[in-house]
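Beneath this line is the structure, given in structure tokens, with notes to follow.
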Amino acid sequence: MAADVRADNAPYDDINITPMLDLAYVLLVTFIILTTASVQGVKVNAPRTQAASSLAKPQTRAITITQDGALFLDAYPVSLDELSQRLAALKSGNPALPVVLKADARTQYRKVTEVLEVAKRLDITEVGLVTQRQPAEP
């Protein structure tokens with residue numbers, strides 16, 4: 001019984017890790033939420049069609065054209081030349097590289113054809129166009 005009683009001056013050698021774990025969990029949850037929010041990509045107003053299906057495959061690369069004609073490859077801004085170089089590098093690693101083209105409905109058609117010409121020049125045959133499903137009329 002005398003062994004359980006400590007002197008007031010004795011060093012405390014036990015570490016309470018509960019506050020440290022609480023902090024770690026809060027940081028983990030914050031990181032998960034921020035990472036999920038940043039992966040959304042570039043927001044555009046895609047044209048509407050009756051039959052829209054999912055084109056997502058593993059390793060699919062997304063090319064986005066905004067209303068003002070800006071180009072993005074997987075949410076990173078690129079020029080047309082940079083797009084060609086990066087797609088060529090990706091194509092060398094994956095010969096059957098799937099690509100989806102997501103353009104704003106008000107984008108100039110010329111920009112879309114320029115991107116499609118780059119894909120054709122690089123022999124990228126799996127190209128999908130992203131649209132929004134049009135609501136069915138009653």
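Going by the structure tokens order, chains are called A, B, ..., each with residues numbered from 1, while ligands are numbered from 1 in the order shown.
The neighbours of segment 123-130 of chain A here are the residues that come within 7 Å of it, using only C-alpha atoms and leaving out any residue fewer than 3 positions away in the same chain; they are Ala46, Leu55, Leu97, Pro98, Val99, Val100, Leu101, Lys102, Ala119 and Lys120 of chain A.
Straight-line separation from atom CA of Asp68 of chain A to atom CA of Lys111 of chain A: 10.0 Å.
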Report task. Name all residues at most 10 Å from segment 76-81 of chain A (count only C-alpha atoms; drop same-chain ones fewer than 6 positions away) and give them as a VMD selection string. Result -> chain A and resid 41 to 42 63 to 65 70 87 111 114 to 115 118
Atoms to include: N, CA and C atoms. Write the selected residues as a PDB file, in the first residue's frame.
ATOM      1  N   GLY A  41     -12.546  19.564 -59.791  1.00  0.00           N
ATOM      2  CA  GLY A  41     -12.207  19.946 -61.153  1.00  0.00           C
ATOM      3  C   GLY A  41     -12.725  21.326 -61.497  1.00  0.00           C
ATOM      4  N   VAL A  42     -12.785  21.596 -62.774  1.00  0.00           N
ATOM      5  CA  VAL A  42     -13.215  22.891 -63.275  1.00  0.00           C
ATOM      6  C   VAL A  42     -14.698  22.812 -63.604  1.00  0.00           C
ATOM      7  N   ILE A  63     -10.195  16.659 -70.338  1.00  0.00           N
ATOM      8  CA  ILE A  63      -9.814  17.925 -70.948  1.00  0.00           C
ATOM      9  C   ILE A  63     -11.035  18.826 -70.840  1.00  0.00           C
ATOM     10  N   THR A  64     -10.864  20.002 -70.241  1.00  0.00           N
ATOM     11  CA  THR A  64     -11.976  20.918 -70.029  1.00  0.00           C
ATOM     12  C   THR A  64     -11.714  22.212 -70.789  1.00  0.00           C
ATOM     13  N   ILE A  65     -12.768  22.707 -71.463  1.00  0.00           N
ATOM     14  CA  ILE A  65     -12.704  23.993 -72.140  1.00  0.00           C
ATOM     15  C   ILE A  65     -13.777  24.874 -71.520  1.00  0.00           C
ATOM     16  N   ALA A  70     -10.462  28.833 -72.171  1.00  0.00           N
ATOM     17  CA  ALA A  70      -9.302  28.341 -71.424  1.00  0.00           C
ATOM     18  C   ALA A  70      -9.301  26.814 -71.404  1.00  0.00           C
ATOM     19  N   LEU A  87      -0.386  15.030 -73.259  1.00  0.00           N
ATOM     20  CA  LEU A  87      -1.119  13.862 -73.753  1.00  0.00           C
ATOM     21  C   LEU A  87      -0.179  12.867 -74.424  1.00  0.00           C
ATOM     22  N   LYS A 111     -12.469  25.835 -80.738  1.00  0.00           N
ATOM     23  CA  LYS A 111     -11.636  25.316 -79.648  1.00  0.00           C
ATOM     24  C   LYS A 111     -11.822  23.813 -79.485  1.00  0.00           C
ATOM     25  N   GLU A 114     -10.007  22.047 -82.281  1.00  0.00           N
ATOM     26  CA  GLU A 114      -8.551  22.067 -82.090  1.00  0.00           C
ATOM     27  C   GLU A 114      -8.109  20.969 -81.131  1.00  0.00           C
ATOM     28  N   VAL A 115      -8.869  20.776 -80.053  1.00  0.00           N
ATOM     29  CA  VAL A 115      -8.536  19.724 -79.081  1.00  0.00           C
ATOM     30  C   VAL A 115      -8.725  18.351 -79.723  1.00  0.00           C
ATOM     31  N   VAL A 118      -5.775  17.561 -81.891  1.00  0.00           N
ATOM     32  CA  VAL A 118      -4.615  17.129 -81.097  1.00  0.00           C
ATOM     33  C   VAL A 118      -4.760  15.653 -80.752  1.00  0.00           C
TER      34      VAL A 118
END
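Each of A:Asn94, A:Thr35, A:Gln85, A:Thr30 was compared to Gln59 of chain A using only C-alpha atoms, and A:Asn94 turns out to be the nearest.
Inside segment 52-87 of chain A, the residues DSSP reads as strand (DSSP E) when given the backbone are Arg61, Ala62, Ile63, Thr64, Ile65, Leu71, Phe72, Leu73, Tyr76, Pro77 and Val78 of chain A.
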**Report entry** Shell around Gly69 of chain A at 9 Å using only C-alpha atoms, local window under 6 positions removed, as a PyMOL selection string
**Finding:** chain A and resi 103-104+107-108+111
Query - Backbone-only DSSP, alpha helix (DSSP H) members of segment 50-124 of chain A, as a ChimeraX atom specification - result: /A:80-93,109-121
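Coordinates place atom CA of Arg86 of chain A at a distance of 14.7 Å from atom CA of Leu116 of chain A.
You will find atom CA of Lys43 of chain A at 11.9 Å from atom CA of Ala105 of chain A.
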